[in-house]
>>> print(open('entry.cif').read())   # mmCIF, C-alpha atoms
data_coords
#
loop_
_atom_site.label_atom_id
_atom_site.label_comp_id
_atom_site.auth_asym_id
_atom_site.auth_seq_id
_atom_site.Cartn_x
_atom_site.Cartn_y
_atom_site.Cartn_z
CA MET A 731 129.59 197.70 51.74
CA ALA A 732 131.66 194.85 50.38
CA GLU A 733 135.27 195.71 49.69
CA TYR A 734 137.09 194.91 46.52
CA LYS A 735 140.52 196.22 47.18
CA GLY A 736 143.75 194.52 46.35
CA ILE A 737 144.05 192.67 43.09
CA GLU A 738 141.23 194.48 41.36
CA ARG A 739 142.78 197.89 41.88
CA ARG A 740 146.27 196.75 40.98
CA LEU A 741 145.11 195.52 37.58
CA VAL A 742 143.57 198.89 36.79
CA PHE A 743 146.73 200.67 37.90
CA ARG A 744 148.87 198.38 35.74
CA LEU A 745 146.67 198.94 32.71
CA LEU A 746 146.56 202.71 33.24
CA ASP A 747 150.34 202.78 33.61
CA TYR A 748 150.69 200.69 30.44
CA TRP A 749 148.38 202.97 28.48
CA GLU A 750 150.26 206.02 29.77
CA LYS A 751 153.62 204.50 28.83
CA LYS A 752 152.40 203.63 25.31
CA LYS A 753 151.30 207.21 24.64
CA ASN A 754 154.89 208.19 23.83
CA GLY A 755 154.11 211.87 23.80
CA ARG A 756 150.82 211.49 21.92
CA LYS A 757 147.31 212.11 23.23
CA MET A 758 146.66 208.37 23.26
CA PRO A 759 148.28 205.16 22.01
CA ALA A 760 147.27 203.28 18.85
CA LEU A 761 145.59 199.88 18.73
CA ASP A 762 148.80 198.37 17.33
CA ASP A 763 150.69 199.54 20.41
CA ILE A 764 148.69 197.21 22.67
CA LYS A 765 150.54 193.90 22.72
CA ALA A 766 149.46 190.72 24.46
CA SER A 767 153.07 189.70 24.98
CA GLU A 768 153.73 192.81 27.04
CA LEU A 769 150.66 192.41 29.23
CA GLY A 770 151.31 188.81 30.23
CA ASP A 771 148.64 187.30 32.47
CA ASP A 772 146.71 190.59 32.48
CA TRP A 773 145.79 189.94 28.83
CA ASP A 774 143.13 187.49 29.97
CA TRP A 775 141.44 190.33 31.86
CA CYS A 776 141.62 192.72 28.90
CA PHE A 777 139.42 193.46 25.93
CA LEU A 778 139.76 195.55 22.79
CA ILE A 779 136.93 197.28 20.94
CA LEU A 780 136.98 198.60 17.38
CA LEU A 781 134.78 201.67 17.13
CA GLY A 782 134.75 201.97 13.34
CA ASP A 783 133.86 205.17 11.52
CA GLU A 784 130.90 207.45 12.28
CA GLY A 785 127.65 205.60 11.98
CA GLU A 786 129.23 202.17 12.39
CA ASN A 787 128.70 200.00 15.46
CA ALA A 788 131.48 199.10 17.83
CA THR A 789 132.68 195.48 17.73
CA PHE A 790 134.92 193.34 19.88
CA HIS A 791 138.48 192.74 18.66
CA HIS A 792 139.64 190.75 21.69
CA VAL A 793 137.94 189.56 24.87
CA GLY A 794 140.03 187.93 27.59
CA SER A 795 139.07 184.42 28.64
CA LEU A 796 138.67 185.49 32.28
CA ILE A 797 136.11 188.15 31.33
CA TRP A 798 134.15 185.96 28.89
CA PRO A 799 134.78 182.23 29.33
CA THR A 800 135.74 180.35 26.19
CA ASP A 801 132.87 177.88 26.58
CA ARG A 802 130.40 180.66 25.68
CA SER A 803 129.76 181.75 22.11
CA PRO A 804 132.68 183.96 20.98
CA LEU A 805 132.28 187.72 21.11
CA VAL A 806 135.14 188.66 18.77
CA GLY A 807 133.65 190.31 15.70
CA LYS A 808 130.28 190.75 17.40
CA GLU A 809 128.75 194.12 18.18
CA VAL A 810 129.36 195.44 21.68
CA SER A 811 125.67 196.22 22.07
CA SER A 812 124.74 192.57 21.55
CA CYS A 813 126.50 191.10 24.57
CA ALA A 814 124.37 189.68 27.36
CA GLU A 815 122.89 192.16 29.83
CA GLU A 816 123.87 190.11 32.85
CA SER A 817 127.58 189.85 32.19
CA LEU A 818 130.82 191.40 33.36
CA ILE A 819 131.69 192.52 29.84
CA LYS A 820 128.40 194.41 29.58
CA GLN A 821 129.16 196.38 32.74
CA ALA A 822 132.73 196.96 31.64
CA THR A 823 131.59 198.54 28.38
CA ARG A 824 128.51 200.49 29.43
CA PHE A 825 130.44 203.69 30.11
CA MET A 826 131.93 203.88 26.60
CA PRO A 827 130.06 207.15 25.87
CA ARG A 828 131.64 208.74 28.93
CA VAL A 829 135.14 207.84 27.73
CA LEU A 830 134.42 209.36 24.32
CA GLU A 831 132.92 212.46 25.90
CA LEU A 832 135.82 213.08 28.26
CA GLY A 833 138.62 211.83 26.01
CA VAL A 834 140.48 210.18 28.90
CA PRO A 835 140.52 206.82 30.68
CA VAL A 836 137.62 206.14 32.99
CA SER A 837 137.48 203.51 35.71
CA ILE A 838 134.38 202.33 37.54
CA GLY A 839 133.48 199.51 39.86
CA GLY A 840 130.40 197.94 41.24
CA GLU A 841 128.34 194.80 41.43
CA CYS A 842 126.96 192.76 38.58
CA LEU A 843 125.53 189.41 37.70
CA ASP A 844 127.35 187.06 35.37
CA GLY A 845 126.35 183.49 34.65
CA GLY A 846 124.15 183.45 37.73
CA ASP A 847 126.97 184.63 40.01
CA LYS A 848 127.00 187.95 41.81
CA LEU A 849 130.33 189.68 41.23
CA LEU A 850 132.18 192.67 42.56
CA TYR A 851 134.13 194.14 39.70
CA ARG A 852 136.39 196.98 38.71
CA SER A 853 136.92 198.00 35.11
CA THR A 854 138.64 200.63 33.07
CA LEU A 855 138.30 201.88 29.51
CA MET A 856 141.01 203.82 27.69
CA PRO A 857 140.80 205.48 24.25
CA LEU A 858 143.08 204.52 21.33
CA SER A 859 143.78 206.33 18.08
CA SER A 860 145.85 205.46 15.01
CA ASP A 861 146.31 209.11 14.00
CA ASP A 862 146.07 210.84 17.38
CA GLU A 863 143.08 212.75 16.07
CA PHE A 864 140.10 210.43 15.75
CA VAL A 865 139.39 207.73 18.31
CA ASP A 866 139.08 204.37 16.57
CA ALA A 867 139.39 201.81 19.36
CA LEU A 868 139.14 201.28 23.09
CA PHE A 869 141.40 199.30 25.38
CA GLY A 870 139.63 197.91 28.42
CA GLY A 871 140.27 195.75 31.41
CA ALA A 872 138.06 194.27 34.08
CA ASN A 873 138.41 191.83 36.90
CA CYS A 874 136.13 190.65 39.59
CA ARG A 875 135.48 188.61 42.67
CA LYS A 876 132.46 186.54 43.53
CA VAL A 877 130.32 187.86 46.32
CA THR A 878 129.83 185.18 48.93
CA ASN A 879 126.71 185.44 51.07
CA LYS A 880 127.57 184.90 54.72
CA MET B 137 118.36 212.34 46.78
CA SER B 138 120.26 210.46 44.04
CA GLN B 139 123.86 211.49 43.67
CA ALA B 140 126.75 210.20 41.60
CA VAL B 141 130.26 210.89 42.79
CA SER B 142 133.33 210.75 40.58
CA PHE B 143 136.93 211.79 41.06
CA GLU B 144 138.92 213.53 38.34
CA VAL B 145 142.68 213.41 38.34
CA ASP B 146 144.27 216.49 36.77
CA THR B 147 147.88 217.37 36.00
CA TYR B 148 149.23 220.87 35.62
CA GLN B 149 150.74 221.36 32.14
CA ASN B 150 151.59 224.57 30.25
CA ASN B 151 149.89 226.75 32.85
CA ARG B 152 146.60 224.93 32.79
CA TRP B 153 144.92 221.95 34.40
CA VAL B 154 144.55 218.93 32.10
CA LEU B 155 142.22 216.05 32.83
CA GLU B 156 144.10 212.73 32.96
CA CYS B 157 141.49 210.20 34.05
CA VAL B 158 138.24 209.78 35.94
CA LEU B 159 137.61 207.20 38.65
CA ASP B 160 134.67 206.48 40.88
CA ASP B 161 136.89 205.46 43.80
CA LYS B 162 138.46 208.17 45.97
CA ASP B 163 141.43 206.11 47.19
CA MET B 164 142.26 205.04 43.65
CA ALA B 165 142.07 208.62 42.43
CA LEU B 166 144.40 209.77 45.20
CA SER B 167 146.82 206.92 44.46
CA THR B 168 146.78 207.74 40.76
CA ALA B 169 147.45 211.42 41.45
CA LYS B 170 150.37 210.58 43.71
CA ARG B 171 151.82 208.16 41.15
CA LEU B 172 151.63 210.84 38.46
CA TYR B 173 153.28 213.37 40.75
CA ASP B 174 156.02 210.91 41.72
CA SER B 175 156.79 210.40 38.02
CA LYS B 176 158.17 213.96 38.09
CA ARG B 177 156.60 214.72 34.73
CA PHE B 178 154.19 217.28 36.12
CA SER B 179 154.71 220.26 38.35
CA ALA B 180 151.38 219.71 40.08
CA VAL B 181 148.52 217.26 40.31
CA ARG B 182 145.11 217.46 41.89
CA VAL B 183 142.00 215.40 42.51
CA VAL B 184 138.62 217.03 42.01
CA GLN B 185 135.54 215.43 43.50
CA GLU B 186 132.47 215.94 41.35
CA THR B 187 129.08 215.24 42.89
CA TYR B 188 126.26 215.08 40.39
CA ASP B 189 122.71 215.48 41.69
CA GLU B 190 120.27 213.70 39.37
CA ASN B 191 117.25 215.43 40.85
CA SER B 192 118.48 218.95 40.21
CA ASN B 193 120.67 218.02 37.20
CA SER B 194 123.54 219.97 38.69
CA SER B 195 127.02 219.12 39.87
CA ARG B 196 129.31 220.43 42.55
CA GLU B 197 133.07 220.25 42.44
CA ARG B 198 135.70 220.60 45.07
CA VAL B 199 139.40 219.98 45.09
CA ILE B 200 140.17 217.29 47.65
CA TYR B 201 143.85 216.94 46.92
CA GLU B 202 146.55 218.89 45.16
CA THR B 203 150.28 219.03 45.44
CA THR B 204 152.57 221.91 44.50
CA VAL B 205 155.16 223.89 46.38
CA ALA B 206 152.79 226.86 46.41
CA ASP B 207 149.87 224.83 47.76
CA ARG B 208 150.21 226.04 51.31
CA ASP B 209 150.21 229.67 50.22
CA ASN B 210 147.30 229.09 47.86
CA ARG B 211 145.17 227.47 50.52
CA ALA B 212 145.84 230.27 52.95
CA ALA B 213 144.92 232.82 50.29
CA LYS B 214 141.77 230.92 49.37
CA ALA B 215 140.72 230.69 52.98
CA ARG B 216 140.66 234.47 53.09
CA GLN B 217 138.52 234.68 49.96
CA PRO B 218 134.91 233.66 49.40
CA ALA B 219 134.48 230.20 47.85
CA THR B 220 135.01 230.26 44.10
CA LYS B 221 134.12 227.75 41.44
CA VAL B 222 136.80 225.18 40.64
CA ASN B 223 138.60 225.96 37.42
CA ARG B 224 137.58 223.04 35.22
CA SER B 225 140.33 221.05 33.62
CA GLU B 226 140.59 220.97 29.86
CA ARG B 227 138.71 218.16 28.25
CA GLN B 228 137.99 217.49 24.62
CA PRO B 229 135.42 214.99 23.46
CA LEU B 230 136.74 212.36 21.08
CA LYS B 231 135.39 211.95 17.57
CA LYS B 232 135.09 208.89 15.41
CA ARG B 233 136.55 209.06 11.93
CA PRO B 234 133.98 210.25 9.31
CA ARG B 235 132.59 207.45 7.22
CA GLN B 236 134.57 206.92 4.01
CA LYS B 237 132.53 207.61 0.85
CA THR B 238 132.49 204.63 -1.52
CA GLU B 239 131.58 204.69 -5.25
CA PRO B 240 128.11 203.40 -6.05
CA LYS B 241 128.12 199.87 -7.51
CA ASN B 242 126.34 200.79 -10.74
CA ALA B 243 128.45 203.80 -11.61
CA LYS B 244 128.05 204.84 -15.22
CA LYS B 245 131.28 204.61 -17.17
CA SER B 246 132.09 206.90 -20.05
CA GLY B 247 132.74 205.58 -23.63
CA PRO B 248 130.76 203.40 -26.04
CA SER B 249 128.63 200.68 -24.51
CA LEU B 250 129.13 196.97 -25.23
CA TRP B 251 126.06 196.82 -27.44
CA VAL B 252 127.30 199.64 -29.65
CA LEU B 253 130.62 197.85 -30.07
CA LEU B 254 128.89 194.58 -31.01
CA LEU B 255 126.73 196.41 -33.53
CA LEU B 256 129.75 197.97 -35.15
CA LEU B 257 131.49 194.60 -35.31
CA THR B 258 128.44 193.05 -36.97
CA ILE B 259 128.29 195.84 -39.53
CA ILE B 260 131.99 195.46 -40.32
CA LEU B 261 131.69 191.66 -40.70
CA ALA B 262 128.57 191.98 -42.87
CA GLY B 263 130.25 194.59 -45.02
CA GLY B 264 133.29 192.38 -45.39
CA ALA B 265 131.18 189.38 -46.38
CA GLY B 266 129.26 191.47 -48.92
CA LEU B 267 132.48 192.69 -50.47
CA LEU B 268 133.76 189.12 -50.81
CA VAL B 269 130.58 188.08 -52.58
CA PHE B 270 130.84 191.02 -54.92
CA ILE B 271 134.46 190.29 -55.78
CA LYS B 272 133.62 186.61 -56.43
CA SER B 273 130.85 187.58 -58.80
CA LEU B 274 133.22 189.56 -60.99
#
>>> encode(input="entry.cif", output="structure tokens")
Amino acid sequence: MAEYKGIERRLVFRLLDYWEKKKNGRKMPALDDIKASELGDDWDWCFLILLGDEGENATFHHVGSLIWPTDRSPLVGKEVSSCAEESLIKQATRFMPRVLELGVPVSIGGECLDGGDKLLYRSTLMPLSSDDEFVDALFGGANCRKVTNK
Amino acid sequence: MSQAVSFEVDTYQNNRWVLECVLDDKDMALSTAKRLYDSKRFSAVRVVQETYDENSNSSRERVIYETTVADRDNRAAKARQPATKVNRSERQPLKKRPRQKTEPKNAKKSGPSLWVLLLLLTIILAGGAGLLVFIKSL
């Protein structure tokens, strides 16, 4: 089995640590607590999702340029369900229901196709709330490495 | 046999196990648990491996790592007892905010309608004009 240790895992650890630090005694941080300036280069591997109220569809608020290249049609403002099946962002968001069910960050890894390339990826999704009662956003991160056939 | 394995990282808070995060990688789960324990914010941490069998729709859990001062004593005591089910950590599903109710666009407003007001104005103007004519004729 191909290994994807190293940088992939460190990103997830950094993002989990950041989310934990931003909790400040609450169950989870708020969307406004997530700041690009504090995440530095990791911001390009991050994405933010607005969940909306009950019955509304989740939409992208931010998608890092290293997850979804800027030469593709922008995802910000678009529904999460509409993103391409064969893409890193699709894999990184498919376990949203699990995060909502458990109420805690979830991290998964695996293989996926994106733009014709086979990737090994690791992603994490973390819940956000503006009132510490209802979840209204998700903070995610994903990075990857191309699989080279030897 | 199709199985899905996940690793839950729990911390011990207020005399109960609380779920912190879930990972599908054992080494990452162990690292996360150790980092949480090293933060000195929790008296104990543990990693629970959950194996879900899709065929039988059942899951098995076992603690693969935990760290407290009393761990050694606990393990020795458990070894003398028959295997018991892992005490599940507390978890609460998250809810989205209920949809806000908005007023319908064509809400009926109270008070006289525009047409009634125009009619009254017409009557007043006509009455006024009639009075002027009458006064002129005198």
>>> closest_residue(input="entry.cif", among="B:Thr204, B:Leu230, B:Trp153, B:Leu250", to="Pro835 of chain A", atoms="all atoms listed in the file")
B:Leu230
>>> resolve_selection(input="entry.cif", expression="the PyMOL selection byres ((chain A) within 7 of (chain B))", output="list in words")
Asp783, Glu784, Leu830, Glu831, Leu832, Gly833, Val834, Pro835, Val836, Ser837, Ile838, Phe864, Val865 and Asp866 of chain A
>>> atom_distance(input="entry.cif", atom1="atom CA of Glu816 of chain A", atom2="atom CA of Glu186 of chain B")
28.5 Å
>>> axis_aligned_box(input="entry.cif", around="segment 820-823 of chain A", padding_each_side="8 Å", output="lines of an AutoDock Vina configuration file")
center_x = 130.6
center_y = 196.5
center_z = 30.6
size_x = 20.3
size_y = 20.1
size_z = 20.4
>>> atom_distance(input="entry.cif", atom1="atom CA of Leu781 of chain A", atom2="atom CA of Arg224 of chain B")
28.1 Å
